[in-house]
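The structure file target38.txt is reproduced below (compact mmCIF, C-alpha atoms and all ligand atoms).
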# COMPACT_ATOMS: atom_id res chain seq x y z
CA MET A 1 22.93 13.73 -0.15
CA VAL A 2 19.54 12.45 1.03
CA PRO A 3 16.87 15.07 0.26
CA ARG A 4 15.10 16.61 3.25
CA LEU A 5 11.76 15.00 2.39
CA LEU A 6 13.33 11.55 2.43
CA ARG A 7 15.04 12.02 5.75
CA SER A 8 11.86 12.86 7.62
CA ALA A 9 11.01 9.20 8.35
CA ALA A 10 14.05 8.87 10.56
CA ARG A 11 12.83 11.70 12.80
CA GLN A 12 9.54 10.00 13.56
CA ASP A 13 8.71 7.72 16.42
CA GLY A 14 9.74 4.07 16.07
CA GLY A 15 11.81 3.02 13.11
CA VAL A 16 12.73 -0.23 14.91
CA ALA A 17 13.73 -2.80 12.29
CA SER A 18 11.73 -5.62 13.92
CA SER A 19 8.57 -3.53 14.18
CA PHE A 20 5.56 -4.54 12.07
CA LEU A 21 4.26 -0.99 12.23
CA PRO A 22 5.68 1.92 10.25
CA PRO A 23 7.14 4.92 12.07
CA ILE A 24 4.19 6.98 13.37
CA ALA A 25 4.55 10.67 14.14
CA SER A 26 3.61 11.66 17.69
CA PRO A 27 1.80 13.98 18.20
CA PHE A 28 -0.22 13.24 15.04
CA ARG A 29 0.73 14.82 11.73
CA LEU A 30 0.50 13.58 8.15
CA THR A 31 3.96 12.67 6.89
CA VAL A 32 5.48 11.84 3.52
CA GLY A 33 7.75 9.38 5.33
CA LEU A 34 9.74 8.15 2.31
CA ARG A 35 13.09 6.43 2.39
CA ARG A 36 15.31 5.27 -0.41
CA ILE A 37 15.68 1.50 -0.90
CA ALA A 38 17.84 -0.66 -3.18
CA ALA A 39 16.25 -1.37 -6.57
CA THR A 40 16.77 -5.08 -5.81
CA SER A 41 14.36 -4.73 -2.84
CA TRP A 42 11.52 -3.26 -4.94
CA ILE A 43 9.66 -6.59 -5.02
CA ASP A 44 10.18 -8.28 -1.68
CA ALA A 45 9.00 -11.90 -1.40
CA ASP A 46 8.03 -11.66 2.28
CA ASP A 47 6.66 -14.46 4.46
CA ASN A 48 3.04 -14.45 3.23
CA TYR A 49 3.83 -13.90 -0.43
CA GLU A 50 2.89 -17.37 -1.69
CA ALA A 51 -0.49 -17.44 0.08
CA ASP A 52 -1.27 -13.92 -1.14
CA LEU A 53 -0.48 -14.87 -4.75
CA VAL A 54 -3.08 -17.63 -4.44
CA GLU A 55 -5.63 -15.22 -2.97
CA ARG A 56 -4.83 -12.77 -5.76
CA GLU A 57 -5.64 -15.40 -8.35
CA ARG A 58 -9.03 -15.93 -6.67
CA VAL A 59 -9.72 -12.17 -6.76
CA LEU A 60 -8.67 -11.97 -10.43
CA ASP A 61 -11.07 -14.81 -11.24
CA ALA A 62 -13.97 -13.19 -9.42
CA HIS A 63 -13.38 -9.47 -10.10
CA ARG A 64 -11.00 -9.19 -13.09
CA ASP A 65 -12.67 -6.17 -14.71
CA ASP A 66 -12.87 -4.18 -11.46
CA VAL A 67 -9.31 -4.76 -10.33
CA VAL A 68 -7.37 -4.45 -13.62
CA GLN A 69 -8.16 -1.24 -15.47
CA SER A 70 -6.35 1.16 -17.78
CA LEU A 71 -6.99 4.18 -19.96
CA ALA A 72 -7.15 3.31 -23.66
CA THR A 73 -4.30 5.64 -24.60
CA ASP A 74 -0.87 5.12 -26.18
CA ALA A 75 0.81 6.53 -23.07
CA SER A 76 -0.97 3.97 -20.89
CA ARG A 77 -0.23 1.07 -23.25
CA SER A 78 3.48 1.81 -23.57
CA ALA A 79 3.88 2.41 -19.82
CA CYS A 80 2.20 -0.94 -19.02
CA ALA A 81 4.41 -2.78 -21.53
CA GLU A 82 7.49 -1.24 -19.91
CA LEU A 83 6.15 -2.02 -16.43
CA LEU A 84 6.00 -5.73 -17.27
CA ASP A 85 9.55 -5.70 -18.66
CA VAL A 86 10.90 -4.01 -15.54
CA LEU A 87 8.88 -6.30 -13.28
CA VAL A 88 10.17 -9.49 -14.92
CA ALA A 89 13.73 -8.17 -14.64
CA SER A 90 13.15 -7.29 -10.96
CA LEU A 91 11.72 -10.57 -9.66
CA PRO A 92 13.82 -11.76 -6.72
CA GLY A 93 15.68 -15.05 -7.00
CA ALA A 94 13.04 -17.10 -5.18
CA PRO A 95 12.61 -20.33 -7.20
CA ALA A 96 9.80 -21.56 -4.92
CA ILE A 97 7.79 -18.55 -6.14
CA TRP A 98 9.05 -17.75 -9.66
CA ALA A 99 10.50 -20.54 -11.81
CA ARG A 100 12.23 -19.33 -14.98
CA SER A 101 12.72 -21.59 -17.98
CA GLU A 102 15.39 -21.37 -20.69
CA GLY A 103 13.14 -19.71 -23.25
CA GLY A 104 12.37 -16.81 -20.90
CA ALA A 105 9.01 -18.08 -19.59
CA VAL A 106 8.23 -17.47 -15.93
CA GLU A 107 5.92 -19.68 -13.89
CA VAL A 108 4.33 -18.40 -10.70
CA VAL A 109 4.82 -21.63 -8.76
CA PRO A 110 2.14 -21.22 -6.02
CA THR A 111 -0.60 -20.61 -8.62
CA GLY A 112 0.72 -22.36 -11.74
CA TRP A 113 0.11 -19.18 -13.80
CA ARG A 114 2.66 -18.84 -16.64
CA LEU A 115 4.06 -15.90 -18.55
CA GLU A 116 5.39 -17.26 -21.84
CA SER A 117 6.90 -13.98 -23.02
CA ALA A 118 7.13 -10.38 -21.79
CA THR A 119 5.72 -9.25 -25.17
CA THR A 120 2.23 -10.44 -24.26
CA THR A 121 -0.81 -8.61 -25.63
CA ASP A 122 -2.04 -7.62 -22.15
CA PRO A 123 1.01 -6.71 -20.05
CA LEU A 124 -1.03 -5.12 -17.23
CA ASP A 125 -3.02 -8.32 -16.78
CA ALA A 126 0.23 -10.30 -16.77
CA ALA A 127 1.72 -7.97 -14.14
CA ALA A 128 -1.38 -8.53 -12.01
CA HIS A 129 -0.78 -12.32 -11.99
CA LEU A 130 2.99 -12.14 -11.59
CA VAL A 131 3.38 -10.43 -8.20
CA ALA A 132 1.36 -10.06 -5.01
CA ASP A 133 2.02 -6.31 -5.00
CA ASP A 134 -0.72 -4.04 -6.30
CA LEU A 135 0.52 -1.73 -9.05
CA CYS A 136 -0.58 1.75 -10.13
CA VAL A 137 0.92 3.48 -13.17
CA LEU A 138 0.91 7.28 -13.29
CA ASP A 139 1.77 9.57 -16.18
CA GLY A 140 5.26 10.89 -15.43
CA GLU A 141 4.36 14.56 -16.02
CA THR A 142 0.68 15.04 -15.18
CA LEU A 143 0.68 12.36 -12.44
CA VAL A 144 -2.65 11.14 -13.76
CA LEU A 145 -3.45 7.49 -12.98
CA LEU A 146 -3.14 5.69 -16.32
CA ALA A 147 -3.58 2.10 -15.22
CA GLY A 148 -3.80 -0.14 -12.19
CA ALA A 149 -3.83 -3.75 -11.08
CA VAL A 150 -5.22 -3.42 -7.57
CA CYS A 151 -6.57 -6.70 -6.17
CA PHE A 152 -6.24 -5.76 -2.50
CA PRO A 153 -7.63 -2.22 -2.19
CA ASN A 154 -8.14 -0.86 1.32
CA ARG A 155 -11.63 0.59 0.86
CA TRP A 156 -11.28 2.30 -2.53
CA ARG A 157 -12.05 1.47 -6.14
CA LEU A 158 -9.80 1.78 -9.15
CA SER A 159 -12.74 2.99 -11.26
CA ASP A 160 -13.09 6.05 -8.94
CA LYS A 161 -9.41 6.99 -9.39
CA LEU A 162 -8.50 6.14 -13.00
CA GLY A 163 -7.83 9.27 -15.11
CA ARG A 164 -7.42 11.49 -12.03
CA ALA A 165 -4.24 13.23 -10.86
CA VAL A 166 -2.57 12.15 -7.65
CA THR A 167 -3.80 15.07 -5.53
CA ASP A 168 -7.42 14.55 -6.63
CA ILE A 169 -7.11 10.81 -5.98
CA HIS A 170 -6.53 11.72 -2.34
CA ASP A 171 -9.67 13.88 -2.05
CA PRO A 172 -11.28 11.63 0.60
CA VAL A 173 -8.17 11.90 2.82
CA PRO A 174 -8.62 14.75 5.32
CA ARG A 175 -5.78 17.34 5.37
CA TYR A 176 -3.96 15.67 2.44
CA ARG A 177 -4.44 18.49 -0.09
CA ASP A 178 -3.28 21.19 2.35
CA GLU A 179 -0.59 19.34 4.24
CA LEU A 180 0.92 16.81 1.79
CA GLY A 181 -0.35 17.48 -1.73
CA ASP A 182 2.41 19.82 -2.95
CA ARG A 183 5.21 17.84 -1.33
CA VAL A 184 4.04 14.53 -2.84
CA THR A 185 3.72 16.15 -6.27
CA GLN A 186 7.23 17.54 -5.89
CA VAL A 187 8.72 14.16 -4.91
CA LEU A 188 6.99 12.35 -7.77
CA THR A 189 7.94 14.99 -10.32
CA LYS A 190 11.61 14.89 -9.30
CA LEU A 191 11.82 11.11 -8.96
CA ARG A 192 14.68 9.71 -11.05
CA PRO A 193 14.69 6.27 -12.70
CA ASP A 194 17.65 5.17 -10.59
CA THR A 195 15.83 5.83 -7.31
CA VAL A 196 13.32 3.54 -5.61
CA LEU A 197 11.43 4.91 -2.62
CA GLU A 198 9.40 3.24 0.10
CA ARG A 199 6.89 4.36 2.71
CA ARG A 200 4.42 2.46 4.87
CA ASN A 201 1.02 3.26 6.29
CA TRP A 202 -1.28 1.52 8.75
CA SER A 203 -4.94 0.89 9.27
CA ILE A 204 -7.10 -1.29 11.51
CA LEU A 205 -9.90 -3.41 10.11
CA LEU A 206 -12.19 -5.97 11.66
CA ASP A 207 -11.96 -8.27 8.65
CA PRO A 208 -8.79 -9.83 7.21
CA THR A 209 -10.18 -10.07 3.66
CA LEU A 210 -7.50 -8.57 1.42
CA HIS A 211 -9.91 -7.46 -1.32
CA GLN A 212 -11.88 -4.72 0.48
CA PRO A 213 -13.12 -2.11 -2.02
CA GLU A 214 -16.13 -1.08 0.12
CA TYR A 215 -15.82 1.98 2.29
CA ALA A 216 -18.28 1.12 5.06
CA PRO A 217 -17.47 2.93 8.30
CA SER A 218 -20.72 1.81 9.86
CA LEU A 219 -19.55 -1.80 9.95
CA ILE A 220 -16.71 -0.98 12.28
CA GLU A 221 -18.60 1.56 14.35
CA HIS A 222 -21.34 -0.82 15.44
CA VAL A 223 -19.37 -3.60 17.04
CA ASP A 224 -19.19 -4.07 20.78
CA THR A 225 -16.29 -1.79 21.73
CA ASP A 226 -15.14 -3.71 24.78
CA ALA A 227 -11.32 -3.79 24.68
CA GLY A 228 -11.03 -7.58 24.90
CA HIS A 229 -13.55 -8.07 22.11
CA ILE A 230 -11.84 -5.59 19.78
CA GLY A 231 -8.46 -7.13 20.54
CA GLU A 232 -9.75 -10.45 19.25
CA LEU A 233 -11.39 -9.02 16.13
CA ALA A 234 -8.95 -6.37 14.99
CA TRP A 235 -6.46 -6.80 12.16
CA VAL A 236 -3.62 -4.36 11.63
CA ARG A 237 -3.09 -3.78 7.93
CA VAL A 238 0.21 -2.26 6.83
CA GLU A 239 0.89 -1.21 3.25
CA ARG A 240 4.47 -1.16 2.06
CA GLN A 241 4.24 1.41 -0.73
CA THR A 242 6.98 1.86 -3.31
CA LEU A 243 7.63 4.48 -5.96
CA ARG A 244 9.85 4.31 -9.02
CA ARG A 245 10.06 5.94 -12.43
CA LEU A 246 10.25 3.77 -15.55
CA PRO A 247 13.25 4.86 -17.63
CA GLN A 248 11.71 4.81 -21.14
CA SER A 249 8.15 6.07 -20.75
CA GLY A 250 8.90 8.20 -17.69
CA ALA A 251 5.76 6.81 -16.01
CA VAL A 252 5.76 6.53 -12.21
CA VAL A 253 4.88 3.16 -10.68
CA PHE A 254 3.25 3.10 -7.25
CA GLY A 255 3.42 -0.38 -5.70
CA ILE A 256 1.41 -1.50 -2.70
CA ARG A 257 2.30 -4.67 -0.81
CA THR A 258 -0.31 -5.32 1.87
CA ARG A 259 0.55 -7.28 5.00
CA GLN A 260 -1.57 -7.83 8.06
CA ARG A 261 -1.45 -9.27 11.54
CA LYS A 262 -3.99 -9.80 14.27
CA LEU A 263 -3.71 -6.98 16.76
CA THR A 264 -3.17 -9.52 19.54
CA ASP A 265 -0.15 -10.94 17.64
CA LEU A 266 1.72 -7.62 17.64
CA GLY A 267 4.64 -7.21 20.01
CA ASP A 268 4.04 -5.18 23.18
CA ASP A 269 5.89 -2.17 21.84
CA ASP A 270 3.90 -2.12 18.58
CA ARG A 271 0.62 -2.53 20.46
CA ASP A 272 1.46 0.35 22.72
CA ARG A 273 2.53 2.57 19.82
CA LEU A 274 -0.60 1.69 17.90
CA ALA A 275 -2.85 2.45 20.85
CA ARG A 276 -1.17 5.82 21.28
CA ALA A 277 -1.46 6.57 17.55
CA VAL A 278 -5.17 5.74 17.59
CA THR A 279 -5.89 7.91 20.62
CA GLU A 280 -3.89 10.80 19.12
CA LEU A 281 -5.76 10.78 15.78
CA PRO A 282 -7.68 14.01 15.28
CA ALA A 283 -11.43 13.53 14.83
CA ASP A 284 -11.37 13.93 11.02
CA MET A 285 -8.64 11.31 10.56
CA ALA A 286 -10.26 8.93 13.06
CA ALA A 287 -13.50 9.20 11.07
CA TYR A 288 -11.65 8.65 7.77
CA LYS A 289 -9.98 5.54 9.17
CA SER A 290 -13.35 4.35 10.60
CA LEU A 291 -11.88 4.28 14.09
CA THR A 292 -13.95 6.87 15.97
CA GLY A 293 -15.96 4.35 17.98
CA LEU A 294 -12.97 2.17 18.72
CA ARG A 295 -10.60 4.73 20.08
CA SER A 296 -11.11 4.19 23.79
CA ALA A 297 -11.12 0.38 23.48
CA LEU A 298 -7.90 0.43 21.47
CA GLY A 299 -6.35 2.86 23.94
CA ASP A 300 -7.22 0.43 26.75
CA ILE A 301 -5.40 -2.37 24.94
CA GLY A 302 -2.24 -0.26 24.82
CA ARG A 303 -2.55 0.78 28.45
CA ARG A 304 -2.85 -2.86 29.53
CA VAL A 305 0.39 -3.64 27.76
CA SER A 306 2.32 -0.64 29.03
CA GLY A 307 0.83 -0.61 32.53
CA ARG A 308 -0.13 3.06 32.09
CA PRO A 309 -3.12 4.04 34.24
CA PRO A 310 -6.45 4.70 32.46
CA SER A 311 -6.86 8.38 31.59
C1 LIG A 401 4.61 9.94 -1.23
C2 LIG A 401 3.49 9.63 -1.81
C3 LIG A 401 2.17 9.46 -1.10
C4 LIG A 401 1.76 9.83 0.15
C5 LIG A 401 2.56 10.55 1.22
C6 LIG A 401 0.40 9.37 0.30
C7 LIG A 401 -0.36 9.55 1.44
C8 LIG A 401 -1.59 8.99 1.66
C9 LIG A 401 -2.31 9.03 2.91
C10 LIG A 401 -1.82 9.72 4.19
C11 LIG A 401 -3.46 8.36 2.74
C12 LIG A 401 -4.48 8.06 3.83
C13 LIG A 401 -4.20 6.66 4.35
C14 LIG A 401 -4.70 6.38 5.75
O1 LIG A 401 -4.27 7.05 6.68
O2 LIG A 401 -5.47 5.42 5.96
C15 LIG A 401 -3.49 7.90 1.36
C16 LIG A 401 -4.52 7.19 0.80
C17 LIG A 401 -4.54 6.85 -0.53
N1 LIG A 401 -3.51 6.99 -1.44
FE1 LIG A 401 -1.79 7.90 -1.18
N2 LIG A 401 0.01 8.77 -0.85
C18 LIG A 401 1.05 8.81 -1.73
C19 LIG A 401 1.07 8.34 -3.02
C20 LIG A 401 0.00 7.82 -3.66
C21 LIG A 401 -0.01 7.49 -5.04
C22 LIG A 401 1.14 7.68 -6.03
C23 LIG A 401 -1.23 6.97 -5.30
C24 LIG A 401 -1.64 6.51 -6.65
C25 LIG A 401 -2.64 5.79 -6.95
C26 LIG A 401 -1.97 6.96 -4.04
C27 LIG A 401 -3.25 6.49 -3.85
C28 LIG A 401 -3.95 6.53 -2.65
C29 LIG A 401 -5.32 6.04 -2.51
C30 LIG A 401 -6.17 5.44 -3.61
C31 LIG A 401 -5.68 6.25 -1.19
C32 LIG A 401 -7.05 5.94 -0.57
C33 LIG A 401 -7.90 7.18 -0.85
C34 LIG A 401 -9.37 6.97 -0.51
O3 LIG A 401 -9.67 6.71 0.68
O4 LIG A 401 -10.19 7.07 -1.44
N3 LIG A 401 -1.19 7.49 -3.07
N4 LIG A 401 -2.34 8.30 0.73
Translate this structure into structure tokens?
Amino acid sequence: MVPRLLRSAARQDGGVASSFLPPIASPFRLTVGLRRIAATSWIDADDNYEADLVERERVLDAHRDDVVQSLATDASRSACAELLDVLVASLPGAPAIWARSEGGAVEVVPTGWRLESATTTDPLDAAAHLVADDLCVLDGETLVLLAGAVCFPNRWRLSDKLGRAVTDIHDPVPRYRDELGDRVTQVLTKLRPDTVLERRNWSILLDPTLHQPEYAPSLIEHVDTDAGHIGELAWVRVERQTLRRLPQSGAVVFGIRTRQRKLTDLGDDDRDRLARAVTELPADMAAYKSLTGLRSALGDIGRRVSGRPPS
């Protein structure tokens, strides 16, 4: 039987397979929005995967110590070693991306980076090079963040989150502690190693750079908010987030695969749904997402698509 928390995504708006956007509750509410996926779909080599591996390599070159961090504990070390094992075993059969050789080495074809053996001295670093997904490793009981390889953060820094429990990590998110905190803790605590879960979230940024650790609402609030102008500048960033428990260490792995599209490249239905979601955001969430000043312009874009009259 599918637990109640996992079914909730199906009750939300949308859920159309071809949609770039996740389901978005209307009227607004924070949702857990998890669904179960096949373990073979954990790492999904989607259409921009090769280009993003190359960009990841650039970020690792420039910011290695900011984007790959771990606690110096045995629990963290053994969880990271297991993460790499599970990751290597989970790579999809996509020879244009991962080429395996007889001795067990894996080459990341778009970047030329090579993993000679899964028993490397720095498995977290290896995991960071191997996939375009960002990876966070949480202690299986305390849900404290033990380690992370996060090259494409959406306005947060690993150093602010390492060593903190999942509810505290979400402190900047309005309503999270009251409306989602207990339910997320419950899902993570009960997660079994044979279950892989997925949820997606959305944001709008005016810059397609994948590595965006700075939280700078003022940048987005001071652009010309004419609807046509915003339509040209805006990028819709969707995170496909996955959760799974490693069988040996019991650690929970939170994966984040970031994809983005220009707002003007979304289908009509997605644009209309997005415009409605933006206009329905309560003030605290709009401020958190740095969208306060853009709400009416984004609403206009949706209305143009749907033919709805201006309110
Ligand atoms: C079912 C599990 C989870 C749910 C429902 C959830 C929900 C959320 C929501 C609603 C936001 C705000 C995003 C936005 O609207 O722009 C958020 C942000 C965030 N989440 Fe989660 N989350 C979950 C699991 C996790 C886990 C396991 C981590 C572990 C690292 C995590 C790390 C973060 C971080 C770092 C942010 C950004 C916080 C900031 O702005 O400083 N989340 N999450």
Could I get the residue neighbourhood of ligand LIG 401 (chain A) at 7 Å, counting all atoms listed in the file, as a short mmCIF file (atom, residue, chain, number, x, y, z; two decimals) with C-alpha atoms, in the frame of the given file?
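Saved the output as selection.cif:
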data_model
loop_
_atom_site.label_atom_id
_atom_site.label_comp_id
_atom_site.auth_asym_id
_atom_site.auth_seq_id
_atom_site.Cartn_x
_atom_site.Cartn_y
_atom_site.Cartn_z
CA LEU A 30 0.50 13.58 8.15
CA THR A 31 3.96 12.67 6.89
CA VAL A 32 5.48 11.84 3.52
CA GLY A 33 7.75 9.38 5.33
CA LEU A 34 9.74 8.15 2.31
CA CYS A 136 -0.58 1.75 -10.13
CA LEU A 145 -3.45 7.49 -12.98
CA ARG A 155 -11.63 0.59 0.86
CA TRP A 156 -11.28 2.30 -2.53
CA LYS A 161 -9.41 6.99 -9.39
CA VAL A 166 -2.57 12.15 -7.65
CA ILE A 169 -7.11 10.81 -5.98
CA HIS A 170 -6.53 11.72 -2.34
CA ASP A 171 -9.67 13.88 -2.05
CA PRO A 172 -11.28 11.63 0.60
CA VAL A 173 -8.17 11.90 2.82
CA TYR A 176 -3.96 15.67 2.44
CA LEU A 180 0.92 16.81 1.79
CA VAL A 184 4.04 14.53 -2.84
CA VAL A 187 8.72 14.16 -4.91
CA ASN A 201 1.02 3.26 6.29
CA TRP A 202 -1.28 1.52 8.75
CA SER A 203 -4.94 0.89 9.27
CA PHE A 254 3.25 3.10 -7.25
CA LYS A 289 -9.98 5.54 9.17
#
Interatomic distance, atom CA of Gly255 of chain A to atom CA of Cys151 of chain A (Å, one decimal):
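Distance between the two atoms: 11.8 Å.
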Nearest to Ala286 of chain A, chosen from A:Leu87, A:Ala45, A:Leu188, A:Ile204, with only C-alpha atoms counted in the distances:
A:Ile204
Quick check, in Å to one decimal: how far apart do atom CA of Tyr215 of chain A and atom CA of Glu239 of chain A lie?
17.0 Å
Which one is closest to Gly163 of chain A: A:Val108, A:Leu71, A:Ala81, A:Ala96? Count only C-alpha atoms.
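Using only C-alpha atoms, Gly163 of chain A sits closest to A:Leu71.
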Using only C-alpha atoms, what table do you get, as a tab-separated table, when you list each residue of segment 181-257 of chain A with an atom no more than 12 Å from segment 64-68 of chain A, its nearest pair of atoms, and their distance in Å rounded to one decimal, rows by chain then rising number?
residue	atom	partner	partner_atom	distance
A:His211	CA	A:Val67	CA	9.4
A:Gln212	CA	A:Val67	CA	11.1
A:Pro213	CA	A:Val67	CA	9.5
Selected residues, C-alpha atoms, written as a PDB file, in the coordinates of the input, please.
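Contents of the output file part20.pdb:
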ATOM      1  CA  HIS A 211      -9.910  -7.460  -1.320  1.00  0.00           C
ATOM      2  CA  GLN A 212     -11.880  -4.720   0.480  1.00  0.00           C
ATOM      3  CA  PRO A 213     -13.120  -2.110  -2.020  1.00  0.00           C
TER       4      PRO A 213
END
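Nearest residue to Ala38 of chain A, choosing from A:Leu243, A:Leu60, A:Ala149, A:Asp160 and counting only C-alpha atoms: A:Leu243.
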So that I can see what lies close to Thr195 of chain A, please list as a ChimeraX atom specification the residues with an atom at most 10 Å from it, counting only C-alpha atoms and leaving out residues fewer than 6 positions away in the same chain.
/A:36-39,243-245
Using all atoms listed in the file, determine which residues lie at most 10 Å from Arg237 of chain A, disregarding the query and same-chain residues fewer than 3 positions distant; provide the list as number ranges by chain.
A: 20-21, 154, 201-205, 207-208, 210, 234, 240, 258-263
For the selection you just gave me, I'd like the residues written to a file as a PDB file, in the frame of the given file, keeping C-alpha atoms.
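Saved result, out31.pdb, follows:
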ATOM      1  CA  PHE A  20       5.560  -4.540  12.070  1.00  0.00           C
ATOM      2  CA  LEU A  21       4.260  -0.990  12.230  1.00  0.00           C
ATOM      3  CA  ASN A 154      -8.140  -0.860   1.320  1.00  0.00           C
ATOM      4  CA  ASN A 201       1.020   3.260   6.290  1.00  0.00           C
ATOM      5  CA  TRP A 202      -1.280   1.520   8.750  1.00  0.00           C
ATOM      6  CA  SER A 203      -4.940   0.890   9.270  1.00  0.00           C
ATOM      7  CA  ILE A 204      -7.100  -1.290  11.510  1.00  0.00           C
ATOM      8  CA  LEU A 205      -9.900  -3.410  10.110  1.00  0.00           C
ATOM      9  CA  ASP A 207     -11.960  -8.270   8.650  1.00  0.00           C
ATOM     10  CA  PRO A 208      -8.790  -9.830   7.210  1.00  0.00           C
ATOM     11  CA  LEU A 210      -7.500  -8.570   1.420  1.00  0.00           C
ATOM     12  CA  ALA A 234      -8.950  -6.370  14.990  1.00  0.00           C
ATOM     13  CA  ARG A 240       4.470  -1.160   2.060  1.00  0.00           C
ATOM     14  CA  THR A 258      -0.310  -5.320   1.870  1.00  0.00           C
ATOM     15  CA  ARG A 259       0.550  -7.280   5.000  1.00  0.00           C
ATOM     16  CA  GLN A 260      -1.570  -7.830   8.060  1.00  0.00           C
ATOM     17  CA  ARG A 261      -1.450  -9.270  11.540  1.00  0.00           C
ATOM     18  CA  LYS A 262      -3.990  -9.800  14.270  1.00  0.00           C
ATOM     19  CA  LEU A 263      -3.710  -6.980  16.760  1.00  0.00           C
TER      20      LEU A 263
END
Which residue is closest to Arg199 of chain A? Choose from A:Val144, A:Ala25, A:Ala127, A:Ile256 and count all atoms listed in the file.
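The closest residue to Arg199 of chain A is A:Ile256.
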Separation of atom CA of Val150 of chain A from atom CA of Thr242 of chain A, in Å and rounded to one decimal
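Atom CA of Thr242 of chain A lies 14.0 Å from atom CA of Val150 of chain A.
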In terms of the shortest atom-to-atom distance over all atoms listed in the file, which of A:Asp268, A:Glu57, A:Asp125, A:Glu82 is closest to Gln69 of chain A?
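Looking only at the distances to Gln69 of chain A, the closest residue turns out to be A:Asp125.
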If you count only C-alpha atoms, the residue of A:Asp52, A:Asp44, A:Asp265, A:Asp74 closest to Ala147 of chain A turns out to be A:Asp74
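Excluding Trp113 of chain A and any residue on its chain fewer than 4 positions from it, the residues at most 12 Å away by only C-alpha atoms are Leu53, Val54, Arg56, Glu57, Leu60, Ile97, Trp98, Ala99, Ala105, Val106, Glu107, Val108, Val109, Asp125, Ala126, Ala127, Ala128, His129, Leu130 and Val131 of chain A.
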Can those selected residues be exported to a file as a PDB file, in the coordinates of the input so that it contains C-alpha atoms?
ATOM      1  CA  LEU A  53      -0.480 -14.870  -4.750  1.00  0.00           C
ATOM      2  CA  VAL A  54      -3.080 -17.630  -4.440  1.00  0.00           C
ATOM      3  CA  ARG A  56      -4.830 -12.770  -5.760  1.00  0.00           C
ATOM      4  CA  GLU A  57      -5.640 -15.400  -8.350  1.00  0.00           C
ATOM      5  CA  LEU A  60      -8.670 -11.970 -10.430  1.00  0.00           C
ATOM      6  CA  ILE A  97       7.790 -18.550  -6.140  1.00  0.00           C
ATOM      7  CA  TRP A  98       9.050 -17.750  -9.660  1.00  0.00           C
ATOM      8  CA  ALA A  99      10.500 -20.540 -11.810  1.00  0.00           C
ATOM      9  CA  ALA A 105       9.010 -18.080 -19.590  1.00  0.00           C
ATOM     10  CA  VAL A 106       8.230 -17.470 -15.930  1.00  0.00           C
ATOM     11  CA  GLU A 107       5.920 -19.680 -13.890  1.00  0.00           C
ATOM     12  CA  VAL A 108       4.330 -18.400 -10.700  1.00  0.00           C
ATOM     13  CA  VAL A 109       4.820 -21.630  -8.760  1.00  0.00           C
ATOM     14  CA  ASP A 125      -3.020  -8.320 -16.780  1.00  0.00           C
ATOM     15  CA  ALA A 126       0.230 -10.300 -16.770  1.00  0.00           C
ATOM     16  CA  ALA A 127       1.720  -7.970 -14.140  1.00  0.00           C
ATOM     17  CA  ALA A 128      -1.380  -8.530 -12.010  1.00  0.00           C
ATOM     18  CA  HIS A 129      -0.780 -12.320 -11.990  1.00  0.00           C
ATOM     19  CA  LEU A 130       2.990 -12.140 -11.590  1.00  0.00           C
ATOM     20  CA  VAL A 131       3.380 -10.430  -8.200  1.00  0.00           C
TER      21      VAL A 131
END
